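Peer 1: Handing you a structure now.
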Amino acid sequence: MLSCRARSPSPVTLDALADKYVVLAVELGEHDADSLDFYVGSNSAIDNLKHQPETLDGLHRNALALRDQVNHLPENSPADAARKAFLVGQLDALVLRTDQLLGKNRSFDEESRTFFGVIAPEDTDVAQRKRLREQIAALLGKAANPAEVYTRYDSQFMVPAGRIPAVMNAALEQCRALTLQHMALPAGEHVDVEYVFHKPWSGFSRYLGAAHSLIQVNMDYPLTVDRILDLACHEGYPGHHVFNSLRDLSLVNGLHRDEFRVQLTFSPQSYVSEAAASYAPNLLLSDAERLHIERDLLFPLAGLKRSDAERYLRVQKLVAGLHTAEPSIAREYLDDRLEFVRAADALERESLMQHAETALLYLNEYRTYMLSYTVGSDSVRSLVESGHPSDTERWQRYRSLMANPVVSLPGTAH
């Protein structure tokens, strides 16, 4: 006589829980497109949920339950422990994002700690920014409203709309050629560029899989030659496109870490990616290389005078150093201690943003994500450049951010 014993349930594995996380992440994207950077792949569970996604309340509960499952799974190796930590961090972020979409915001610091593992430091650079503005005034002339003077000067270097595609294509070619001098790229990698309107950002890179990315350039934003070159580096080479392509190759294809098929916008994973891309132009372009590319190639394509390039780039480098004001102003604004007009005035005074309303509207939508461009970029710089490394060592450190499952940066979270 045969015994009728109940079959033991299959053991829960990290692979199985990672698959559940991917489903939840894609499901969140069905509720809020801004919450999902990309998903690469397809399976029946995900195809079905796109037609009938879980409610936000249900998604929130499922994320909490999955986080509990991951936390209680035994660790068999250091690699398992690191993988668990990644999934827990991503699920913490997913839980907070569903809360936000349900109307429950946190303080600026609490949000940034959960989403990105970082708390913006207090502003200690007031004196340094004053010196930078004095140097800018020496180049452009002193005025009652330095932001107005800088904005008027910067507008002389706007690329006419009809010339933007040619300048962007040339910038991408130059960035790719320089990147290839330092690293091999996956076979067949490529980017497409699309020109769009009515977006809250100036550029966006969406990874499509198989080392292929779509870069979108927002034609509503005024684009200078320098901004276009930065976009080519940041969104393309060696920024997001290269970052996502190498992670796909090494983590998904190499280590079979399917959780990296998806990237939540508001998450520790995305913070590392955005911070690395924000630092990418500094890694790729020395002052001399930037001057050569802009003066000798991009300025003529834009119909600008080459003789103006050197002073223009000196000014742009000084203005870039004013970004240290932005985190503290954003914190005060989003925590309702600084209303819209005064926040705009502070950005104009400290960072020379004459029309800061656009930046504040971006903050309304993306909130603490702005830290990836400021604090995050500075963290990557510290990581890559500490100890006066050689150029080869700098590139090796940058590549390690892409090819390994690095999901946190040196920061001030506590």
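FYI, nothing fancy with the structure tokens labels: chains A, B, ... in order, residues from 1 per chain, ligands from 1 as they appear.
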Write out as an mmCIF file with all heavy atoms, in the first residue's frame all residues of range 37-165 of chain A that backbone DSSP assigns to strand (DSSP E or B).
Peer 2:
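Writing the result to selection04.cif gives the following:
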```cif
data_model
loop_
_atom_site.group_PDB
_atom_site.id
_atom_site.type_symbol
_atom_site.label_atom_id
_atom_site.label_comp_id
_atom_site.auth_asym_id
_atom_site.auth_seq_id
_atom_site.Cartn_x
_atom_site.Cartn_y
_atom_site.Cartn_z
ATOM 1 N N ASP A 37 13.477 53.032 -13.970
ATOM 2 C CA ASP A 37 14.432 53.449 -14.993
ATOM 3 C C ASP A 37 14.357 52.540 -16.209
ATOM 4 O O ASP A 37 14.277 52.997 -17.343
ATOM 5 C CB ASP A 37 15.859 53.411 -14.425
ATOM 6 C CG ASP A 37 16.315 54.762 -13.914
ATOM 7 O OD1 ASP A 37 15.564 55.736 -14.072
ATOM 8 O OD2 ASP A 37 17.409 54.836 -13.337
ATOM 9 N N PHE A 38 14.457 51.239 -15.971
ATOM 10 C CA PHE A 38 14.366 50.292 -17.077
ATOM 11 C C PHE A 38 14.079 48.893 -16.556
ATOM 12 O O PHE A 38 14.323 48.583 -15.387
ATOM 13 C CB PHE A 38 15.642 50.291 -17.925
ATOM 14 C CG PHE A 38 16.878 49.784 -17.218
ATOM 15 C CD1 PHE A 38 17.132 48.422 -17.069
ATOM 16 C CD2 PHE A 38 17.817 50.674 -16.704
ATOM 17 C CE1 PHE A 38 18.269 47.961 -16.427
ATOM 18 C CE2 PHE A 38 18.964 50.227 -16.059
ATOM 19 C CZ PHE A 38 19.187 48.863 -15.916
ATOM 20 N N TYR A 39 13.547 48.061 -17.436
ATOM 21 C CA TYR A 39 13.443 46.616 -17.217
ATOM 22 C C TYR A 39 13.812 45.952 -18.529
ATOM 23 O O TYR A 39 13.297 46.318 -19.589
ATOM 24 C CB TYR A 39 12.031 46.195 -16.792
ATOM 25 C CG TYR A 39 11.831 44.704 -16.914
ATOM 26 C CD1 TYR A 39 12.516 43.831 -16.070
ATOM 27 C CD2 TYR A 39 11.002 44.172 -17.892
ATOM 28 C CE1 TYR A 39 12.377 42.458 -16.201
ATOM 29 C CE2 TYR A 39 10.848 42.804 -18.022
ATOM 30 C CZ TYR A 39 11.534 41.954 -17.178
ATOM 31 O OH TYR A 39 11.400 40.596 -17.319
ATOM 32 N N MET A 158 24.357 79.124 -26.946
ATOM 33 C CA MET A 158 23.283 78.186 -27.217
ATOM 34 C C MET A 158 23.408 77.659 -28.649
ATOM 35 O O MET A 158 23.710 78.416 -29.579
ATOM 36 C CB MET A 158 21.915 78.855 -27.044
ATOM 37 C CG MET A 158 21.649 79.362 -25.631
ATOM 38 S SD MET A 158 21.675 78.039 -24.406
ATOM 39 C CE MET A 158 21.503 79.002 -22.898
#
```
Peer 1: What lies within 9 Å of range 336-349 of chain A using only C-alpha atoms, ignoring chain neighbours under 6 positions off, as a count of residues only?
Peer 2: 13
Peer 1: Quick one: residues within 12 Å of Asp80 in chain A, only C-alpha atoms, excluding same-chain residues fewer than 2 positions away - as a list in words?
Peer 2: Thr13, Leu14, Asp15, Ala18, Val70, Asn71, Leu73, Pro74, Glu75, Asn76, Ser77, Pro78, Ala82, Arg83, Lys84, Ala85, Phe86, Leu87, Arg257 and Pro405 of chain A
Peer 1: My list of candidates is A:Ala144, A:Leu251, A:Val225, A:Leu132. Which is closest to Ala320 in chain A when distances are computed with only C-alpha atoms?
Peer 2: A:Leu132
Peer 1: Where in range 120-278 of chain A does DSSP assign helix (DSSP H, G or I), given as a count of residues only?
Peer 2: 87
Peer 1: Which residues are close to range 266-273 of chain A, i.e. within 6 Å by only C-alpha atoms, leaving aside same-chain residues fewer than 6 positions away? Reply as a ChimeraX atom specification.
Peer 2: /A:90,93,115-116,372,407
Peer 1: Mind dumping the selected residues with all heavy atoms as a JSON list (two decimals), in the first residue's frame?
Peer 2:
```json
[["chain", "number", "residue", "atom", "x", "y", "z"],
["A", 90, "GLN", "N", 16.87, 47.64, -1.84],
["A", 90, "GLN", "CA", 15.95, 47.95, -2.94],
["A", 90, "GLN", "C", 14.50, 47.86, -2.48],
["A", 90, "GLN", "O", 13.66, 48.68, -2.86],
["A", 90, "GLN", "CB", 16.20, 46.99, -4.10],
["A", 90, "GLN", "CG", 17.56, 47.14, -4.77],
["A", 90, "GLN", "CD", 17.76, 48.50, -5.41],
["A", 90, "GLN", "OE1", 18.57, 49.30, -4.97],
["A", 90, "GLN", "NE2", 17.00, 48.78, -6.46],
["A", 93, "ALA", "N", 13.48, 50.80, -0.44],
["A", 93, "ALA", "CA", 13.19, 51.92, -1.33],
["A", 93, "ALA", "C", 11.82, 51.76, -1.98],
["A", 93, "ALA", "O", 11.06, 52.72, -2.13],
["A", 93, "ALA", "CB", 14.28, 52.05, -2.39],
["A", 115, "PHE", "N", 16.18, 55.86, 0.41],
["A", 115, "PHE", "CA", 16.32, 55.66, -1.03],
["A", 115, "PHE", "C", 17.77, 55.40, -1.45],
["A", 115, "PHE", "O", 18.04, 54.53, -2.27],
["A", 115, "PHE", "CB", 15.82, 56.89, -1.79],
["A", 115, "PHE", "CG", 14.34, 56.93, -2.01],
["A", 115, "PHE", "CD1", 13.70, 58.15, -2.15],
["A", 115, "PHE", "CD2", 13.58, 55.78, -2.09],
["A", 115, "PHE", "CE1", 12.33, 58.22, -2.37],
["A", 115, "PHE", "CE2", 12.20, 55.83, -2.30],
["A", 115, "PHE", "CZ", 11.59, 57.06, -2.44],
["A", 116, "PHE", "N", 18.69, 56.18, -0.89],
["A", 116, "PHE", "CA", 20.04, 56.22, -1.45],
["A", 116, "PHE", "C", 21.15, 55.90, -0.46],
["A", 116, "PHE", "O", 22.32, 55.86, -0.85],
["A", 116, "PHE", "CB", 20.29, 57.60, -2.06],
["A", 116, "PHE", "CG", 19.21, 58.06, -2.99],
["A", 116, "PHE", "CD1", 18.57, 59.28, -2.79],
["A", 116, "PHE", "CD2", 18.81, 57.28, -4.06],
["A", 116, "PHE", "CE1", 17.56, 59.70, -3.64],
["A", 116, "PHE", "CE2", 17.80, 57.68, -4.91],
["A", 116, "PHE", "CZ", 17.16, 58.90, -4.70],
["A", 372, "SER", "N", 22.07, 62.71, -6.25],
["A", 372, "SER", "CA", 22.96, 61.90, -7.08],
["A", 372, "SER", "C", 23.84, 62.77, -7.96],
["A", 372, "SER", "O", 24.98, 62.41, -8.26],
["A", 372, "SER", "CB", 22.15, 60.92, -7.94],
["A", 372, "SER", "OG", 21.27, 61.61, -8.80],
["A", 407, "VAL", "N", 26.60, 48.78, -4.72],
["A", 407, "VAL", "CA", 25.29, 49.40, -4.59],
["A", 407, "VAL", "C", 25.27, 50.47, -3.50],
["A", 407, "VAL", "O", 24.22, 50.89, -3.06],
["A", 407, "VAL", "CB", 24.19, 48.35, -4.31],
["A", 407, "VAL", "CG1", 24.00, 47.46, -5.52],
["A", 407, "VAL", "CG2", 24.56, 47.51, -3.09]]
```
Peer 1: If you count only C-alpha atoms, which residues fall within 10 Å of Asn62 in chain A, apart from same-chain ones fewer than 5 positions away, as a ChimeraX atom specification?
Peer 2: /A:20-21,24,54,56-57,67-68,91,95
